[in-house]
Amino acid sequence: MDPVNPIVFFEMSAGQMRVGRIVMELYADTTPLAAENFRALCTGENGIGIYDKPLHYKGSFFHRIAPNGLWCCGDIINWDGTGSESIYGQGFPDENFIRKHDRPGVLTMSHRGKDNNGSTFQIATKELPMLDGKQVVFGQVVEGLDVIKKIEEVATSPDSDIPTRSVRILDCGEIVRRSQGTMNALFAKRLRDELVAACRKIAQLQIALKTCDQA
């Protein structure tokens with residue numbers, strides 16, 4: 001794991017049963033915008049969003065689970081897959097497609113149209129090359145693939161992608177591996193240019209959206 005990359009966790013339940021922790025590395029080194037969005041949604045540090053809902057994954061559900069395929073989550077608005085909001089307000093751009101869907105445990109942004117990323121995301125449970133170049137890979141599961149397998153065993157059906165039991169994020173947050181000051185220095189040194197460019201693109205998209213609304 002790259003020392004500049006944040007580590008976050010989900011404490012998971014299936015129905016009324018606690019099933020364990022999923023730990024994830026976020027690729028701030030290649031996708032700083034998506035990594036920071038996911039990290040902050042794990043901590044809830046940004047408070048309330050534009051839809052008057054907490055910008056926080058805590059309490060949200062995995063609304064779709066395809067066994068040996070994709071887990072879908074991140075709707076912090078409606079909890080059913082129809083809503084999405086990023087910490088930046090409007091959708092933020094596809095940063096790049098450097099990382100691939102090449103193994104189980106890959107974290108990937110849900111495809112909601114070009115440059116329209118929000119809070120919704122997916123966990124791949126197998127290699128999915130058909131998503132390469134379409135969805136942004138921004139992290140990986142580093143611990144807890146066994147938890148994912150356990151949930152699939154007790155909360156999925158071969159006849160449907162809808163979980164047979166509610167699969168929920170009971171708690172989530174960041175695991176700090178070194179002092180915050182050191183992390184901030186590393187992040188600023190390696191990722192300043194990428195963040196500035198991405199934020200400029202977000203601003204351009206927001207201006208374009210306002211122009212369309214006024215037209």
# chains A, B, ... in the order shown; residues from 1 in each chain; ligands from 1
>>> select_by_dssp(residues="range 24-107 of chain A", states="helix (DSSP H, G or I)", output="list in words")
Pro32, Leu33, Ala34, Ala35, Glu36, Asn37, Phe38, Arg39, Ala40, Leu41, Cys42 and Thr43 of chain A
>>> write_last_selection(atoms="N, CA and C atoms", output="mmCIF file, in the first residue's frame")
data_model
loop_
_atom_site.group_PDB
_atom_site.id
_atom_site.type_symbol
_atom_site.label_atom_id
_atom_site.label_comp_id
_atom_site.auth_asym_id
_atom_site.auth_seq_id
_atom_site.Cartn_x
_atom_site.Cartn_y
_atom_site.Cartn_z
ATOM 1 N N PRO A 32 -7.126 11.368 -6.889
ATOM 2 C CA PRO A 32 -7.262 12.118 -5.638
ATOM 3 C C PRO A 32 -8.661 12.642 -5.369
ATOM 4 N N LEU A 33 -9.384 13.027 -6.422
ATOM 5 C CA LEU A 33 -10.718 13.588 -6.230
ATOM 6 C C LEU A 33 -11.695 12.528 -5.739
ATOM 7 N N ALA A 34 -11.703 11.374 -6.392
ATOM 8 C CA ALA A 34 -12.586 10.284 -5.986
ATOM 9 C C ALA A 34 -12.191 9.734 -4.624
ATOM 10 N N ALA A 35 -10.890 9.642 -4.366
ATOM 11 C CA ALA A 35 -10.414 9.130 -3.076
ATOM 12 C C ALA A 35 -10.837 10.041 -1.930
ATOM 13 N N GLU A 36 -10.702 11.342 -2.115
ATOM 14 C CA GLU A 36 -11.078 12.283 -1.057
ATOM 15 C C GLU A 36 -12.586 12.287 -0.855
ATOM 16 N N ASN A 37 -13.347 12.174 -1.917
ATOM 17 C CA ASN A 37 -14.803 12.101 -1.812
ATOM 18 C C ASN A 37 -15.208 10.890 -0.964
ATOM 19 N N PHE A 38 -14.641 9.730 -1.271
ATOM 20 C CA PHE A 38 -14.993 8.505 -0.552
ATOM 21 C C PHE A 38 -14.528 8.578 0.896
ATOM 22 N N ARG A 39 -13.309 9.065 1.113
ATOM 23 C CA ARG A 39 -12.781 9.176 2.477
ATOM 24 C C ARG A 39 -13.684 10.044 3.345
ATOM 25 N N ALA A 40 -14.061 11.218 2.818
ATOM 26 C CA ALA A 40 -14.880 12.142 3.597
ATOM 27 C C ALA A 40 -16.296 11.610 3.816
ATOM 28 N N LEU A 41 -16.813 10.824 2.857
ATOM 29 C CA LEU A 41 -18.122 10.207 3.061
ATOM 30 C C LEU A 41 -18.061 9.084 4.093
ATOM 31 N N CYS A 42 -16.881 8.505 4.284
ATOM 32 C CA CYS A 42 -16.697 7.512 5.347
ATOM 33 C C CYS A 42 -16.644 8.173 6.723
ATOM 34 N N THR A 43 -16.037 9.344 6.821
ATOM 35 C CA THR A 43 -15.923 10.021 8.120
ATOM 36 C C THR A 43 -17.142 10.872 8.439
#
>>> residues_around(residues="range 118-132 of chain A", least_positions_apart="2", cutoff="7 Å", atoms="only C-alpha atoms", output="list in words")
Asn68, Gly69, Leu70, Trp71, Cys72, Cys73, Gly74, Asp75, Ser84, Glu85, Ser86, Gly91, Phe92, Phe97, Lys100, His101, Asp102, Arg103, Pro104, Gly105, Val106, Leu107, Thr108, Met109, Ser110, Asn116, Lys134 and Gln135 of chain A
>>> residues_around(residues="Val154 in chain A", least_positions_apart="6", cutoff="9 Å", atoms="only C-alpha atoms", output="VMD selection string")
chain A and resid 14 164 to 165
>>> closest_residue(among="A:Met17, A:Ile65, A:Ile22, A:Val137", to="Glu152 in chain A", atoms="only C-alpha atoms")
A:Ile65
>>> residues_around(residues="Asn96 in chain A", least_positions_apart="2", cutoff="10 Å", atoms="only C-alpha atoms", output="PyMOL selection string")
chain A and resi 30-31+93-94+98-99+133-138
>>> closest_residue(among="A:Glu25, A:Asp115, A:Asp159, A:Glu153", to="Ile7 in chain A", atoms="only C-alpha atoms")
A:Glu25
>>> closest_residue(among="A:Val176, A:Leu145, A:Ile77, A:Thr156", to="Leu55 in chain A", atoms="only C-alpha atoms")
A:Ile77
>>> closest_residue(among="A:Leu26, A:Ile87, A:Val8, A:Ala66", to="Gln140 in chain A", atoms="only C-alpha atoms")
A:Leu26
>>> select_by_dssp(residues="range 21-87 of chain A", states="strand (DSSP E)", output="short mmCIF file (atom, residue, chain, number, x, y, z; two decimals) with C-alpha atoms, in the first residue's frame")
data_model
loop_
_atom_site.label_atom_id
_atom_site.label_comp_id
_atom_site.auth_asym_id
_atom_site.auth_seq_id
_atom_site.Cartn_x
_atom_site.Cartn_y
_atom_site.Cartn_z
CA ARG A 21 -15.19 -5.22 8.89
CA ILE A 22 -14.18 -4.37 5.33
CA VAL A 23 -10.96 -2.32 5.09
CA MET A 24 -10.17 -0.39 1.90
CA GLU A 25 -7.23 1.52 0.45
CA LEU A 26 -8.13 4.60 -1.60
CA ARG A 64 -27.88 -4.46 -5.17
CA ILE A 65 -25.61 -7.49 -4.82
CA LEU A 70 -20.77 -6.35 -8.40
CA TRP A 71 -21.96 -4.94 -5.11
CA CYS A 72 -23.74 -1.57 -5.44
CA CYS A 73 -23.92 0.99 -2.64
#
>>> closest_residue(among="A:Arg177, A:Pro54, A:Gly49, A:Thr82", to="Pro3 in chain A", atoms="only C-alpha atoms")
A:Arg177
>>> decode(residues="range 80-101 of chain A", atoms="N, CA and C atoms", output="PDB file, in the first residue's frame")
ATOM      1  N   ASP A  80     -31.725   3.583  -1.987  1.00  0.00           N
ATOM      2  CA  ASP A  80     -32.218   2.527  -2.862  1.00  0.00           C
ATOM      3  C   ASP A  80     -31.539   2.509  -4.230  1.00  0.00           C
ATOM      4  N   GLY A  81     -30.507   3.328  -4.414  1.00  0.00           N
ATOM      5  CA  GLY A  81     -29.787   3.368  -5.673  1.00  0.00           C
ATOM      6  C   GLY A  81     -30.199   4.484  -6.606  1.00  0.00           C
ATOM      7  N   THR A  82     -31.233   5.231  -6.247  1.00  0.00           N
ATOM      8  CA  THR A  82     -31.718   6.297  -7.129  1.00  0.00           C
ATOM      9  C   THR A  82     -31.097   7.660  -6.838  1.00  0.00           C
ATOM     10  N   GLY A  83     -30.432   7.802  -5.695  1.00  0.00           N
ATOM     11  CA  GLY A  83     -29.868   9.094  -5.309  1.00  0.00           C
ATOM     12  C   GLY A  83     -28.360   9.051  -5.194  1.00  0.00           C
ATOM     13  N   SER A  84     -27.735  10.221  -5.324  1.00  0.00           N
ATOM     14  CA  SER A  84     -26.280  10.304  -5.229  1.00  0.00           C
ATOM     15  C   SER A  84     -25.876  11.756  -5.018  1.00  0.00           C
ATOM     16  N   GLU A  85     -24.862  11.971  -4.191  1.00  0.00           N
ATOM     17  CA  GLU A  85     -24.333  13.315  -3.983  1.00  0.00           C
ATOM     18  C   GLU A  85     -22.880  13.210  -3.544  1.00  0.00           C
ATOM     19  N   SER A  86     -22.026  14.021  -4.093  1.00  0.00           N
ATOM     20  CA  SER A  86     -20.622  14.037  -3.693  1.00  0.00           C
ATOM     21  C   SER A  86     -20.384  15.132  -2.670  1.00  0.00           C
ATOM     22  N   ILE A  87     -19.207  15.128  -2.087  1.00  0.00           N
ATOM     23  CA  ILE A  87     -18.852  16.189  -1.142  1.00  0.00           C
ATOM     24  C   ILE A  87     -18.637  17.511  -1.852  1.00  0.00           C
ATOM     25  N   TYR A  88     -18.556  17.469  -3.193  1.00  0.00           N
ATOM     26  CA  TYR A  88     -18.333  18.678  -3.984  1.00  0.00           C
ATOM     27  C   TYR A  88     -19.644  19.299  -4.452  1.00  0.00           C
ATOM     28  N   GLY A  89     -20.768  18.703  -4.068  1.00  0.00           N
ATOM     29  CA  GLY A  89     -22.061  19.219  -4.475  1.00  0.00           C
ATOM     30  C   GLY A  89     -22.548  18.520  -5.728  1.00  0.00           C
ATOM     31  N   GLN A  90     -22.238  19.079  -6.885  1.00  0.00           N
ATOM     32  CA  GLN A  90     -22.622  18.474  -8.147  1.00  0.00           C
ATOM     33  C   GLN A  90     -21.700  17.285  -8.441  1.00  0.00           C
ATOM     34  N   GLY A  91     -22.044  16.544  -9.498  1.00  0.00           N
ATOM     35  CA  GLY A  91     -21.198  15.435  -9.888  1.00  0.00           C
ATOM     36  C   GLY A  91     -19.806  15.905 -10.267  1.00  0.00           C
ATOM     37  N   PHE A  92     -18.808  15.081  -9.994  1.00  0.00           N
ATOM     38  CA  PHE A  92     -17.435  15.471 -10.313  1.00  0.00           C
ATOM     39  C   PHE A  92     -16.883  14.603 -11.447  1.00  0.00           C
ATOM     40  N   PRO A  93     -15.833  15.073 -12.114  1.00  0.00           N
ATOM     41  CA  PRO A  93     -15.400  14.449 -13.378  1.00  0.00           C
ATOM     42  C   PRO A  93     -14.711  13.102 -13.217  1.00  0.00           C
ATOM     43  N   ASP A  94     -14.729  12.338 -14.311  1.00  0.00           N
ATOM     44  CA  ASP A  94     -13.929  11.115 -14.415  1.00  0.00           C
ATOM     45  C   ASP A  94     -12.461  11.543 -14.498  1.00  0.00           C
ATOM     46  N   GLU A  95     -11.673  11.193 -13.486  1.00  0.00           N
ATOM     47  CA  GLU A  95     -10.279  11.660 -13.452  1.00  0.00           C
ATOM     48  C   GLU A  95      -9.412  10.946 -14.480  1.00  0.00           C
ATOM     49  N   ASN A  96      -9.521   9.636 -14.516  1.00  0.00           N
ATOM     50  CA  ASN A  96      -8.749   8.837 -15.466  1.00  0.00           C
ATOM     51  C   ASN A  96      -9.198   7.383 -15.351  1.00  0.00           C
ATOM     52  N   PHE A  97      -8.680   6.564 -16.239  1.00  0.00           N
ATOM     53  CA  PHE A  97      -9.000   5.139 -16.238  1.00  0.00           C
ATOM     54  C   PHE A  97      -7.712   4.316 -16.157  1.00  0.00           C
ATOM     55  N   ILE A  98      -6.764   4.840 -15.369  1.00  0.00           N
ATOM     56  CA  ILE A  98      -5.458   4.198 -15.231  1.00  0.00           C
ATOM     57  C   ILE A  98      -5.590   2.806 -14.603  1.00  0.00           C
ATOM     58  N   ARG A  99      -6.303   2.728 -13.495  1.00  0.00           N
ATOM     59  CA  ARG A  99      -6.462   1.446 -12.804  1.00  0.00           C
ATOM     60  C   ARG A  99      -7.537   0.611 -13.492  1.00  0.00           C
ATOM     61  N   LYS A 100      -7.391  -0.692 -13.387  1.00  0.00           N
ATOM     62  CA  LYS A 100      -8.276  -1.608 -14.091  1.00  0.00           C
ATOM     63  C   LYS A 100      -9.107  -2.452 -13.114  1.00  0.00           C
ATOM     64  N   HIS A 101     -10.186  -3.005 -13.654  1.00  0.00           N
ATOM     65  CA  HIS A 101     -11.045  -3.920 -12.896  1.00  0.00           C
ATOM     66  C   HIS A 101     -10.486  -5.329 -13.063  1.00  0.00           C
TER      67      HIS A 101
END
